[in-house]
Every structure is written in structure tokens, then in C-alpha cells.
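Coordinates as given in work_16.cif (mmCIF, C-alpha atoms and all ligand atoms):
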```cif
data_entry
loop_
_atom_site.label_atom_id
_atom_site.label_comp_id
_atom_site.auth_asym_id
_atom_site.auth_seq_id
_atom_site.Cartn_x
_atom_site.Cartn_y
_atom_site.Cartn_z
CA MET A 6 132.97 36.84 -71.28
CA LYS A 7 135.10 39.94 -71.10
CA THR A 8 134.79 42.09 -67.96
CA SER A 9 133.78 45.12 -70.04
CA THR A 10 130.95 43.16 -71.73
CA LEU A 11 129.74 41.93 -68.36
CA PHE A 12 129.82 45.49 -67.05
CA LEU A 13 127.78 46.72 -70.02
CA LEU A 14 125.24 43.94 -69.57
CA LEU A 15 124.86 44.76 -65.88
CA CYS A 16 124.38 48.44 -66.67
CA PHE A 17 121.76 47.61 -69.28
CA SER A 18 119.75 45.35 -66.98
CA PHE A 19 119.95 47.95 -64.17
CA PHE A 20 118.59 50.74 -66.39
CA ALA A 21 116.00 48.46 -67.95
CA SER A 22 114.62 47.50 -64.53
CA THR A 23 114.63 51.12 -63.31
CA ALA A 24 112.82 52.18 -66.45
CA GLN A 25 110.29 49.43 -65.87
CA THR A 26 109.42 50.50 -62.30
CA LYS A 27 109.29 54.17 -63.28
CA ALA A 28 107.41 53.63 -66.55
CA PRO A 29 104.49 56.07 -66.64
CA VAL A 30 100.98 54.66 -66.56
CA LYS A 31 99.41 54.82 -70.00
CA ASN A 32 95.80 54.68 -68.91
CA TYR A 33 95.48 57.69 -66.66
CA GLY A 34 92.19 59.50 -66.30
CA ILE A 35 89.60 61.29 -64.20
CA ALA A 36 85.90 60.90 -63.42
CA ILE A 37 83.62 63.40 -61.70
CA HIS A 38 80.06 63.64 -60.39
CA GLY A 39 77.80 66.55 -59.56
CA GLY A 40 75.27 64.59 -57.54
CA ALA A 41 72.70 61.85 -58.11
CA GLY A 42 68.93 62.05 -57.68
CA THR A 43 65.64 62.51 -59.44
CA ILE A 44 67.11 64.40 -62.33
CA LEU A 45 64.66 64.07 -65.21
CA LYS A 46 65.03 65.49 -68.68
CA SER A 47 61.55 67.00 -68.29
CA ASP A 48 62.76 68.98 -65.25
CA LEU A 49 65.78 70.60 -66.89
CA SER A 50 65.36 73.33 -69.48
CA PRO A 51 67.71 72.99 -72.47
CA GLU A 52 69.51 76.10 -71.25
CA LEU A 53 70.07 74.69 -67.75
CA GLU A 54 71.16 71.34 -69.17
CA LYS A 55 73.72 73.18 -71.26
CA GLN A 56 75.00 75.03 -68.20
CA TYR A 57 75.41 71.81 -66.21
CA LYS A 58 77.21 70.07 -69.05
CA ALA A 59 79.53 73.02 -69.64
CA LYS A 60 80.45 73.21 -65.95
CA LEU A 61 81.06 69.46 -65.73
CA GLN A 62 83.28 69.68 -68.81
CA GLU A 63 85.20 72.60 -67.29
CA ALA A 64 85.77 70.60 -64.09
CA LEU A 65 86.90 67.53 -66.05
CA ASP A 66 89.26 69.56 -68.18
CA ALA A 67 90.76 71.32 -65.15
CA GLY A 68 91.56 67.97 -63.56
CA TYR A 69 92.70 66.30 -66.76
CA ALA A 70 95.07 69.16 -67.64
CA ILE A 71 96.96 68.44 -64.41
CA LEU A 72 97.22 64.72 -65.15
CA GLU A 73 98.36 65.40 -68.68
CA LYS A 74 101.23 67.55 -67.39
CA ASN A 75 102.33 64.72 -65.13
CA GLY A 76 100.67 66.29 -62.07
CA THR A 77 99.33 64.21 -59.20
CA SER A 78 95.88 62.66 -58.95
CA LEU A 79 95.46 64.59 -55.67
CA ASP A 80 95.97 67.93 -57.42
CA ALA A 81 93.67 66.81 -60.25
CA VAL A 82 90.72 65.89 -58.02
CA GLU A 83 91.12 69.04 -55.95
CA ALA A 84 91.16 71.23 -59.06
CA ALA A 85 88.08 69.54 -60.55
CA ILE A 86 86.13 69.88 -57.29
CA LYS A 87 87.04 73.55 -56.93
CA VAL A 88 85.45 74.35 -60.30
CA MET A 89 82.19 72.78 -59.10
CA GLU A 90 82.37 74.35 -55.62
CA ASP A 91 82.75 77.76 -57.25
CA SER A 92 79.67 77.16 -59.40
CA ARG A 93 76.27 77.90 -57.93
CA LEU A 94 74.77 74.99 -59.86
CA PHE A 95 76.00 72.37 -57.40
CA ASN A 96 75.39 71.66 -53.74
CA ALA A 97 78.97 72.35 -52.62
CA GLY A 98 80.81 75.55 -51.74
CA SER A 99 78.71 78.43 -53.11
CA GLY A 100 75.26 77.04 -53.78
CA SER A 101 75.24 74.69 -50.78
CA VAL A 102 71.90 73.67 -49.31
CA PHE A 103 70.56 75.00 -46.00
CA THR A 104 70.17 73.36 -42.60
CA SER A 105 66.82 73.53 -40.81
CA GLU A 106 68.11 76.73 -39.19
CA GLY A 107 68.79 78.32 -42.57
CA LYS A 108 72.60 78.03 -42.36
CA ASN A 109 75.17 76.42 -44.67
CA GLU A 110 77.29 73.69 -43.12
CA MET A 111 79.64 72.04 -45.59
CA ASP A 112 81.55 68.74 -45.54
CA ALA A 113 84.50 67.65 -47.71
CA ALA A 114 87.18 64.96 -47.85
CA ILE A 115 90.22 64.02 -49.91
CA MET A 116 92.25 60.79 -49.85
CA ASP A 117 95.61 59.75 -51.29
CA GLY A 118 95.60 56.15 -52.54
CA LYS A 119 99.39 55.90 -52.43
CA THR A 120 99.89 56.67 -48.73
CA LEU A 121 96.30 56.19 -47.44
CA LYS A 122 96.60 59.67 -45.99
CA ALA A 123 93.29 61.50 -45.78
CA GLY A 124 91.90 64.86 -44.70
CA ALA A 125 88.36 66.05 -44.12
CA VAL A 126 86.31 68.92 -42.76
CA ALA A 127 82.75 68.75 -41.49
CA GLY A 128 80.24 71.51 -40.85
CA VAL A 129 82.40 74.40 -42.07
CA ARG A 130 80.52 77.66 -42.61
CA THR A 131 82.98 80.20 -43.95
CA ILE A 132 85.37 78.37 -46.28
CA LYS A 133 84.87 79.06 -49.99
CA ASN A 134 86.50 75.79 -51.05
CA PRO A 135 86.00 73.15 -48.36
CA ILE A 136 88.01 70.67 -50.47
CA THR A 137 91.12 72.82 -50.05
CA ALA A 138 90.48 72.90 -46.31
CA ALA A 139 90.29 69.08 -46.35
CA ARG A 140 93.60 69.00 -48.23
CA CYS A 141 95.13 71.27 -45.57
CA VAL A 142 93.96 68.91 -42.82
CA MET A 143 95.68 66.05 -44.68
CA ASP A 144 98.88 67.90 -45.53
CA LYS A 145 99.34 70.24 -42.59
CA SER A 146 97.83 68.58 -39.51
CA PRO A 147 98.29 65.28 -37.70
CA HIS A 148 94.50 64.70 -37.92
CA VAL A 149 92.04 63.25 -40.41
CA ILE A 150 88.78 65.10 -39.67
CA LEU A 151 88.24 68.57 -38.20
CA SER A 152 84.73 69.85 -37.58
CA GLY A 153 82.79 73.04 -36.92
CA SER A 154 84.43 76.27 -35.80
CA GLY A 155 87.77 74.47 -35.22
CA ALA A 156 87.82 73.44 -38.87
CA ASP A 157 86.88 76.94 -40.04
CA LEU A 158 89.67 78.44 -37.94
CA PHE A 159 92.29 75.89 -39.03
CA ALA A 160 91.42 76.37 -42.71
CA LYS A 161 91.65 80.15 -42.36
CA GLN A 162 95.04 79.84 -40.68
CA CYS A 163 96.14 77.61 -43.57
CA GLY A 164 95.30 80.41 -45.98
CA CYS A 165 92.00 79.10 -47.35
CA ALA A 166 89.77 81.84 -48.77
CA THR A 167 86.80 82.68 -46.55
CA ALA A 168 83.45 84.38 -47.14
CA ASP A 169 80.39 85.40 -45.16
CA SER A 170 77.02 83.68 -45.47
CA SER A 171 75.85 85.85 -48.39
CA TYR A 172 78.47 84.18 -50.64
CA PHE A 173 76.90 80.76 -50.10
CA PHE A 174 73.28 81.92 -50.48
CA THR A 175 71.28 80.95 -53.56
CA GLU A 176 67.56 81.58 -53.99
CA LYS A 177 67.08 78.09 -55.42
CA ARG A 178 68.45 76.38 -52.30
CA TRP A 179 66.50 78.75 -50.04
CA GLN A 180 63.26 77.85 -51.83
CA GLN A 181 64.14 74.16 -51.42
CA LEU A 182 64.41 74.69 -47.67
CA LEU A 183 61.06 76.49 -47.53
CA LYS A 184 59.47 73.67 -49.54
CA ALA A 185 60.98 71.05 -47.25
CA LYS A 186 59.64 72.88 -44.22
CA GLU A 187 56.16 73.06 -45.79
CA GLN A 188 56.24 69.32 -46.41
CA GLU A 189 57.40 68.74 -42.87
CA LYS A 190 54.30 70.51 -41.61
CA LEU A 191 52.02 68.48 -43.88
CA THR A 192 53.52 65.04 -43.21
CA PRO A 193 55.72 65.27 -40.12
CA GLU A 194 55.99 61.48 -39.83
CA LYS A 195 57.44 61.24 -43.35
CA SER A 196 59.63 64.29 -43.40
CA ASP A 197 62.39 63.05 -41.15
CA THR A 198 64.45 62.35 -44.23
CA LEU A 199 67.74 62.09 -42.44
CA GLY A 200 68.78 58.72 -41.24
CA SER A 201 65.41 57.11 -40.80
CA LEU A 202 65.61 53.34 -40.74
CA SER A 203 62.10 52.85 -42.03
CA PRO A 204 61.86 52.39 -45.80
CA GLN A 205 58.55 54.29 -45.76
CA GLN A 206 60.35 57.28 -44.31
CA ASN A 207 63.03 57.19 -46.95
CA GLU A 208 61.34 60.01 -48.85
CA PHE A 209 63.12 63.11 -49.99
CA ASN A 210 61.76 66.59 -50.21
CA ASP A 211 64.11 67.26 -53.05
CA LYS A 212 65.81 64.30 -54.62
CA LYS A 213 68.46 66.22 -56.52
CA PHE A 214 71.34 65.84 -54.14
CA GLY A 215 73.98 67.90 -56.01
CA THR A 216 77.09 66.89 -54.08
CA VAL A 217 80.31 66.94 -56.12
CA GLY A 218 83.11 64.38 -56.35
CA ALA A 219 86.19 63.41 -58.34
CA VAL A 220 88.44 60.36 -58.65
CA ALA A 221 91.65 60.13 -60.66
CA LEU A 222 94.58 57.94 -61.63
CA ASP A 223 97.76 59.79 -62.52
CA ARG A 224 100.69 58.88 -64.78
CA ASN A 225 102.61 57.49 -61.82
CA GLY A 226 99.84 55.02 -61.06
CA ASN A 227 98.57 56.86 -57.98
CA LEU A 228 94.87 57.07 -57.19
CA ALA A 229 93.00 59.84 -55.35
CA ALA A 230 89.39 60.55 -54.38
CA ALA A 231 87.63 63.72 -53.22
CA THR A 232 84.06 64.72 -52.33
CA SER A 233 82.48 68.03 -51.30
CA THR A 234 78.92 68.84 -50.25
CA GLY A 235 76.52 71.14 -48.49
CA GLY A 236 74.82 67.99 -47.20
CA MET A 237 71.07 67.61 -47.35
CA THR A 238 68.35 70.27 -47.32
CA ASN A 239 66.73 70.81 -43.92
CA LYS A 240 69.33 68.65 -42.15
CA LYS A 241 69.61 69.14 -38.43
CA PRO A 242 72.36 71.58 -37.42
CA GLY A 243 75.54 69.61 -36.78
CA ARG A 244 74.54 66.66 -38.98
CA ILE A 245 77.53 65.14 -40.78
CA GLY A 246 76.96 63.13 -43.95
CA ASP A 247 78.98 60.40 -45.63
CA SER A 248 81.17 62.68 -47.79
CA PRO A 249 83.81 63.52 -45.12
CA VAL A 250 83.71 60.04 -43.60
CA ILE A 251 86.67 58.09 -44.99
CA GLY A 252 85.44 54.72 -46.25
CA ALA A 253 81.81 55.85 -46.43
CA GLY A 254 81.61 58.64 -49.04
CA THR A 255 85.27 58.89 -50.00
CA TYR A 256 88.07 56.31 -50.28
CA ALA A 257 91.24 55.67 -52.30
CA ASN A 258 93.76 52.86 -52.20
CA ASN A 259 96.38 52.19 -54.89
CA LYS A 260 95.84 48.45 -54.39
CA THR A 261 92.26 48.69 -55.60
CA CYS A 262 90.41 51.87 -56.57
CA ALA A 263 89.33 55.42 -55.75
CA VAL A 264 85.65 56.09 -54.99
CA SER A 265 83.49 59.17 -54.42
CA CYS A 266 79.83 58.75 -53.49
CA THR A 267 76.66 60.81 -53.72
CA GLY A 268 73.25 60.05 -52.28
CA HIS A 269 71.45 59.68 -48.98
CA GLY A 270 74.45 59.90 -46.68
CA GLU A 271 73.10 57.96 -43.73
CA PHE A 272 72.84 54.82 -45.90
CA PHE A 273 76.32 55.31 -47.30
CA ILE A 274 77.72 55.59 -43.78
CA ARG A 275 75.90 52.53 -42.45
CA HIS A 276 77.00 50.44 -45.41
CA VAL A 277 80.54 51.89 -45.55
CA VAL A 278 80.01 52.09 -49.29
CA ALA A 279 83.33 53.37 -50.66
CA PHE A 280 85.43 50.98 -48.59
CA ASP A 281 83.07 48.09 -49.31
CA ILE A 282 83.77 48.50 -53.04
CA SER A 283 87.52 48.48 -52.41
CA ALA A 284 87.24 45.49 -50.05
CA LEU A 285 85.25 43.46 -52.59
CA MET A 286 88.07 44.03 -55.07
CA GLU A 287 90.83 43.27 -52.60
CA TYR A 288 89.39 40.25 -50.80
CA LYS A 289 87.08 38.76 -53.40
CA ASN A 290 88.97 39.73 -56.54
CA LEU A 291 85.92 41.39 -58.06
CA THR A 292 86.53 43.79 -60.93
CA LEU A 293 85.72 47.48 -60.43
CA ALA A 294 82.54 47.09 -62.47
CA GLN A 295 81.40 44.06 -60.46
CA ALA A 296 82.20 45.64 -57.08
CA THR A 297 80.45 48.95 -57.79
CA GLU A 298 77.43 47.15 -59.29
CA GLU A 299 77.14 44.85 -56.27
CA VAL A 300 77.19 47.70 -53.76
CA VAL A 301 75.15 50.36 -55.58
CA MET A 302 72.65 48.25 -57.51
CA HIS A 303 72.15 45.40 -55.03
CA LYS A 304 73.19 46.17 -51.46
CA LEU A 305 71.98 49.78 -51.44
CA VAL A 306 68.85 49.10 -53.48
CA LYS A 307 67.85 46.36 -51.01
CA VAL A 308 67.81 48.88 -48.15
CA LYS A 309 66.41 51.69 -50.31
CA GLY A 310 69.61 53.70 -50.10
CA GLU A 311 69.46 56.10 -53.03
CA GLY A 312 72.51 57.42 -54.86
CA GLY A 313 75.51 56.53 -56.95
CA VAL A 314 79.29 56.41 -57.09
CA ILE A 315 82.12 57.24 -59.42
CA ALA A 316 85.16 54.97 -59.24
CA ILE A 317 88.44 54.40 -61.06
CA ASP A 318 90.83 51.46 -60.54
CA SER A 319 94.58 51.20 -60.71
CA LYS A 320 94.39 50.21 -64.39
CA GLY A 321 92.31 53.22 -65.34
CA ASN A 322 88.94 51.44 -65.66
CA ILE A 323 86.06 53.71 -64.72
CA SER A 324 82.63 52.76 -63.30
CA MET A 325 79.78 55.16 -62.53
CA PRO A 326 76.65 53.25 -61.45
CA PHE A 327 73.67 54.96 -59.77
CA ASN A 328 70.27 53.72 -58.65
CA THR A 329 68.45 57.05 -59.10
CA PRO A 330 66.96 58.40 -62.36
CA GLY A 331 70.01 60.57 -62.98
CA MET A 332 73.51 61.53 -61.89
CA TYR A 333 75.53 64.47 -63.19
CA ARG A 334 78.76 62.81 -64.25
CA GLY A 335 81.66 62.72 -66.66
CA PHE A 336 85.01 61.14 -67.39
CA ARG A 337 88.08 61.77 -69.50
CA LYS A 338 90.75 59.18 -70.19
CA SER A 339 94.17 59.20 -71.80
CA ASP A 340 92.94 56.83 -74.53
CA GLY A 341 90.81 59.71 -75.78
CA LYS A 342 87.49 58.43 -74.44
CA THR A 343 85.42 61.13 -72.76
CA ALA A 344 81.77 61.92 -72.00
CA VAL A 345 79.56 64.19 -69.91
CA LEU A 346 76.21 62.67 -68.98
CA ILE A 347 73.17 63.42 -66.84
CA TYR A 348 70.36 60.91 -67.33
CA ARG A 349 70.19 57.16 -67.16
N1 LIG B 401 75.80 62.34 -49.63
C1 LIG B 401 75.49 63.70 -49.28
C2 LIG B 401 75.09 63.75 -47.83
O1 LIG B 401 74.37 62.90 -47.38
C3 LIG B 401 74.38 64.26 -50.11
C4 LIG B 401 74.59 64.16 -51.59
O2 LIG B 401 75.25 63.27 -52.07
O3 LIG B 401 74.08 65.02 -52.31
O4 LIG B 401 75.47 64.68 -47.18
#
```

What is this file in C-alpha cells?
Ligand code: ASP
Amino acid sequence: MKTSTLFLLLCFSFFASTAQTKAPVKNYGIAIHGGAGTILKSDLSPELEKQYKAKLQEALDAGYAILEKNGTSLDAVEAAIKVMEDSRLFNAGSGSVFTSEGKNEMDAAIMDGKTLKAGAVAGVRTIKNPITAARCVMDKSPHVILSGSGADLFAKQCGCATADSSYFFTEKRWQQLLKAKEQEKLTPEKSDTLGSLSPQQNEFNDKKFGTVGAVALDRNGNLAAATSTGGMTNKKPGRIGDSPVIGAGTYANNKTCAVSCTGHGEFFIRHVVAFDISALMEYKNLTLAQATEEVVMHKLVKVKGEGGVIAIDSKGNISMPFNTPGMYRGFRKSDGKTAVLIYR
């Protein structure tokens, strides 16, 4: 063989292999949730249902637009969450629920499946978009979780927009707190809804959780997950839920999947739900559908842990199981499949 032919062949195989490793992922996509709970068609007026669906669609589209333009899954999940945090419909950012002292204390987390880097904030009171604060913790600090006034201060120094308590106030959430307090007076033994181990005590004053989450796979094959919440109505001041706990409410790993949870946080923490799904895929070779089904519909149901998850794997498969009557949710994939759903 002539030297020039050999040279050409070598060049060809070099470029072919480079093209192979850099080939964009065809099946990219995004999934979101706006909380699971007792969401019944009879409870939502057609007008309110329309509002929820429109906002979910807006969040999906905001995230998908980034993926479509070859943006990162991290940017996509952050953008989708911000749309829902800015809406007063959901229990995240503006519209967050109240603690027993009538304050808003918000939690959020974001995780990069490529590097396993993660950032979270817990109990922030003044940050308009807690998810952006979580991103700042990941990108601009050596830490994973910041809490309370330290988190508020750090986020402000990072340039996150702040607001006073009136920005987060909604009459609907205030009424939920008053109702929860009424119930507490009537049945004090049953109203400790946060973290009780007794199945009998696993009763909610308001079962529409309303937390928001997003998971995405981008064109470069990178996964990301993000979750943001006001927590649970009438929670004790300082209570931290599963959402900002990496592995519990939020997890992403390029080897397996990205997961964002919603539901009764104490159960999701004890059962390390998001990581458990990833571990079942990694160690037991379960598919995404099998792993999410096992954790949400079997493990959690057994202990009466109510809620659901959204998850996407490294091939772009999406799973969204929940063990409550409803979960605000939606997905949009590069193969054109898309939906926005509420009920079972
Ligand atoms: N998981 C959240 C928490 O326990 C609540 C929710 O999903 O709505 O803080």
C-alpha cells in the first residue's frame, strides 16, 4: 500500500472515531413535575386546570428550547423550574407554603449527572428563585448545601434576585395554614404530619404538595435534575425536606438517570428515593421503568410514603410514576412526543 493511501486511511479512521464520540444524542428531552397529591378533577375548575396546564407547558417549552439549541441539561432544568417558581400556582418560589410560624422557608437543589457536582439551599426566605441560588452553590462555592441566613446571604452576593415576604405571600397558602392549624387543634395526635413513623399519623392536612422539579438529557448525553419547594404546610421552622437532599429528592448520574421527587419528604429521605432508583439501575440492571416502579409503587407504598417522581435515563426514556391520585407533570422529547398531564 502506498504511503499516501495509508495516510488517508489513518486520517479517515481518526475523524470517524472522533465523530463517533462527539455524535450528538438523538433522543434528548425534558420532564417536569409541579407536585403530586390528592389532585382530583372534581377539585379543579376548568379554568384552573387550564392555568396549570398552560404553566406546565411554558416551563417545558422553556427547558426544551435550551436543549434544542444545544444548551446543557443543567440550563434546561434551571429554566423550567424558574418558570414554575415565578408562578403563584406552585409551592415553590412565589406561592410557597407557610411554616407553623407563618413564614416561607424554601429548599432547592440541582445536580449535574456528568460531574456529580451538586448544589442546594435549604430554608431560604428572601430568594425569588431558590433554584438559581442552588446553582450558585454548585458553581461558585466549594460546598453542596447552604442553609438559612447563610444561604440567603450567599445567594444575594451571587447576584440572585431577592424579595421581602410579601412577594411570597398567597392567600391560598395562608388559608391552607389556617386550616392545618384548625385541624391540629381538633386532632392533635393526628396532625403531626411531618416525619411521623406511625402509618395512622401519615395524614395530610392538604395533600396537594405542589413542589416543582425537572430532569433533562441534553444533546451531549448529559443528564441533570433539579427540584424546588416551599416544603410542607405548617412544617416546624427549620424543617428541611427531601428536595435539597442529594440522593433523596434530587439525583443525577450520567451512568444511570436523573430523578426529581415530590411527596412526603420525610419518607423520601428515609428511603433515599432518588439514589435508590439510580442504584437499582446500576447494580441490578433494572430499566428506568422497572426501577421507578419498584421504588414508588412498591417500597414507598409499603410504608405509606405518598408521592411520585419524574426520571429520565441516559437513552432518553422517561418515567413518571406516582402513588397519589394526581401529579402535575409533563414531558417533551426530540422524537416529537410530548404531553402535559394532571390526573392518573
Ligand atoms: N417533598 C416536599 C417536602 O417534603 C414536598 C412536596 O413534594 O410537595 O418538602

### Message
Applying 6 Å and all atoms listed in the file, which residues near segment 39-46 of chain A remain after dropping the ones on its own chain fewer than 5 positions away? List them as a list in words.
### Response
Lys212, Lys213, Phe214, Gly215, Thr216, Val217, Thr267, Gly312, Thr329, Pro330, Gly331, Met332 and Tyr333 of chain A

Protein and nucleic acid residues within 7 Å of ligand LIG 401 (chain B) (all atoms listed in the file) as a PDB file with C-alpha atoms, in the frame of the given file:
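Output contents, as saved in result34.pdb:
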```
ATOM      1  CA  GLY A  40      75.270  64.590 -57.540  1.00  0.00           C
ATOM      2  CA  ALA A  41      72.700  61.850 -58.110  1.00  0.00           C
ATOM      3  CA  ASN A  96      75.390  71.660 -53.740  1.00  0.00           C
ATOM      4  CA  PHE A 214      71.340  65.840 -54.140  1.00  0.00           C
ATOM      5  CA  GLY A 215      73.980  67.900 -56.010  1.00  0.00           C
ATOM      6  CA  THR A 216      77.090  66.890 -54.080  1.00  0.00           C
ATOM      7  CA  THR A 234      78.920  68.840 -50.250  1.00  0.00           C
ATOM      8  CA  GLY A 235      76.520  71.140 -48.490  1.00  0.00           C
ATOM      9  CA  GLY A 236      74.820  67.990 -47.200  1.00  0.00           C
ATOM     10  CA  MET A 237      71.070  67.610 -47.350  1.00  0.00           C
ATOM     11  CA  ILE A 245      77.530  65.140 -40.780  1.00  0.00           C
ATOM     12  CA  GLY A 246      76.960  63.130 -43.950  1.00  0.00           C
ATOM     13  CA  ASP A 247      78.980  60.400 -45.630  1.00  0.00           C
ATOM     14  CA  SER A 248      81.170  62.680 -47.790  1.00  0.00           C
ATOM     15  CA  GLY A 254      81.610  58.640 -49.040  1.00  0.00           C
ATOM     16  CA  CYS A 266      79.830  58.750 -53.490  1.00  0.00           C
ATOM     17  CA  THR A 267      76.660  60.810 -53.720  1.00  0.00           C
ATOM     18  CA  GLY A 268      73.250  60.050 -52.280  1.00  0.00           C
ATOM     19  CA  HIS A 269      71.450  59.680 -48.980  1.00  0.00           C
ATOM     20  CA  GLY A 270      74.450  59.900 -46.680  1.00  0.00           C
ATOM     21  CA  GLU A 271      73.100  57.960 -43.730  1.00  0.00           C
TER      22      GLU A 271
END
```

### Query
For the atom pair atom CA of Arg224 of chain A and atom CA of Thr77 of chain A, what is the interatomic distance in Å to one decimal place?
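Computed distance, atom CA of Arg224 of chain A to atom CA of Thr77 of chain A, equals 7.8 Å.
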
### Task
Mind checking which residues fall within 8 Å of Val149 of chain A, counting only C-alpha atoms, ignoring those fewer than 5 positions away in the same chain, and posting them as a PyMOL selection string?
chain A and resi 123-125+142-143

Grab the residues selected above and save them as a PDB file, keeping the file's coordinate frame with C-alpha atoms.
```pdb
ATOM      1  CA  ALA A 123      93.290  61.500 -45.780  1.00  0.00           C
ATOM      2  CA  GLY A 124      91.900  64.860 -44.700  1.00  0.00           C
ATOM      3  CA  ALA A 125      88.360  66.050 -44.120  1.00  0.00           C
ATOM      4  CA  VAL A 142      93.960  68.910 -42.820  1.00  0.00           C
ATOM      5  CA  MET A 143      95.680  66.050 -44.680  1.00  0.00           C
TER       6      MET A 143
END
```

### Query
From the list A:Ser78, A:Asn109, A:Asn328, A:Thr167, which residue is nearest Ala263 of chain A when using all atoms listed in the file?
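The shortest atom-to-atom distance to Ala263 of chain A comes from A:Ser78.
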
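Of the residues under consideration (A:Ile136, A:Val300, A:Cys165, A:Cys262), A:Ile136 shows the shortest atom-to-atom contact distance to Met89 of chain A when counting all atoms listed in the file.
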
### Query
Which of these, A:Gly313, A:Gly34, A:Pro29, A:Gly107, has the shortest distance to Met325 of chain A once you count all atoms listed in the file?
A:Gly313

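The point (86.7, 67.2, -57.4) has these residues within 7 Å of it, counting all atoms listed in the file: Ile37, Val82, Glu83, Ala84, Ala85, Ile86, Lys87, Val217, Gly218, Ala219, Ala231 and Thr232 of chain A.
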
### Message
I'd like the interatomic distance between atom CA of Ala294 of chain A and atom CA of Asp340 of chain A, to a tenth of an Å.
### Response
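According to the coordinates, atom CA of Ala294 of chain A and atom CA of Asp340 of chain A are separated by 18.7 Å.
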
### Message
Nearest residue to Asp144 of chain A out of A:Leu94, A:Cys163, A:Ala229, A:Ile282, using only C-alpha atoms?
### Response
A:Cys163

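Closest approach to Gln62 of chain A among A:Lys108, A:Lys145, A:Lys241, A:His38 is made by A:His38 (distances from all atoms listed in the file).
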
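The two atoms in question, atom CA of Lys177 of chain A and atom CA of Lys240 of chain A, are spaced 16.4 Å apart.
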
### Query
So which residues are close to (103.2, 57.1, -62.9), meaning at most 9 Å away in the file's coordinates with all atoms listed in the file counted, and can you show them as a list of chain:residue names?
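With a cut-off of 9 Å, the residues come to A:Lys27, A:Ala28, A:Pro29, A:Val30, A:Lys31, A:Tyr33, A:Asn75, A:Thr77, A:Leu222, A:Asp223, A:Arg224, A:Asn225, A:Gly226, A:Asn227.
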
### Task
Pick out the closest residue to Arg140 of chain A from this set: A:Ser233, A:Phe103, A:Arg178, A:Tyr69. Count only C-alpha atoms.
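Selected residue with least distance to Arg140 of chain A: A:Ser233.
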
Hey, could you patch up segment 96-102 of chain A with all heavy atoms and hand it over as a CSV table (one decimal), in the frame of the given file?
```csv
chain,number,residue,atom,x,y,z
A,96,ASN,N,75.5,71.6,-55.2
A,96,ASN,CA,75.4,71.7,-53.7
A,96,ASN,C,76.7,71.4,-53.1
A,96,ASN,O,77.0,70.4,-52.4
A,96,ASN,CB,74.4,70.6,-53.3
A,96,ASN,CG,74.3,70.4,-51.8
A,96,ASN,OD1,74.7,71.3,-51.0
A,96,ASN,ND2,73.8,69.3,-51.4
A,97,ALA,N,77.6,72.4,-53.2
A,97,ALA,CA,79.0,72.4,-52.6
A,97,ALA,C,79.6,73.7,-52.7
A,97,ALA,O,79.3,74.4,-53.7
A,97,ALA,CB,79.9,71.4,-53.4
A,98,GLY,N,80.3,74.2,-51.7
A,98,GLY,CA,80.8,75.6,-51.7
A,98,GLY,C,79.7,76.5,-51.9
A,98,GLY,O,78.6,76.4,-51.3
A,99,SER,N,79.8,77.5,-52.8
A,99,SER,CA,78.7,78.4,-53.1
A,99,SER,C,77.6,77.6,-53.7
A,99,SER,O,77.8,76.7,-54.5
A,99,SER,CB,79.2,79.5,-54.1
A,99,SER,OG,79.4,78.9,-55.4
A,100,GLY,N,76.4,77.9,-53.3
A,100,GLY,CA,75.3,77.0,-53.8
A,100,GLY,C,74.9,75.9,-52.9
A,100,GLY,O,74.1,75.0,-53.3
A,101,SER,N,75.5,75.8,-51.7
A,101,SER,CA,75.2,74.7,-50.8
A,101,SER,C,73.8,74.8,-50.2
A,101,SER,O,73.3,75.9,-50.1
A,101,SER,CB,76.2,74.7,-49.6
A,101,SER,OG,77.5,74.2,-50.0
A,102,VAL,N,73.3,73.7,-49.9
A,102,VAL,CA,71.9,73.7,-49.3
A,102,VAL,C,71.9,74.2,-47.9
A,102,VAL,O,73.0,74.4,-47.3
A,102,VAL,CB,71.3,72.2,-49.3
A,102,VAL,CG1,71.2,71.7,-50.7
A,102,VAL,CG2,72.1,71.3,-48.4
```
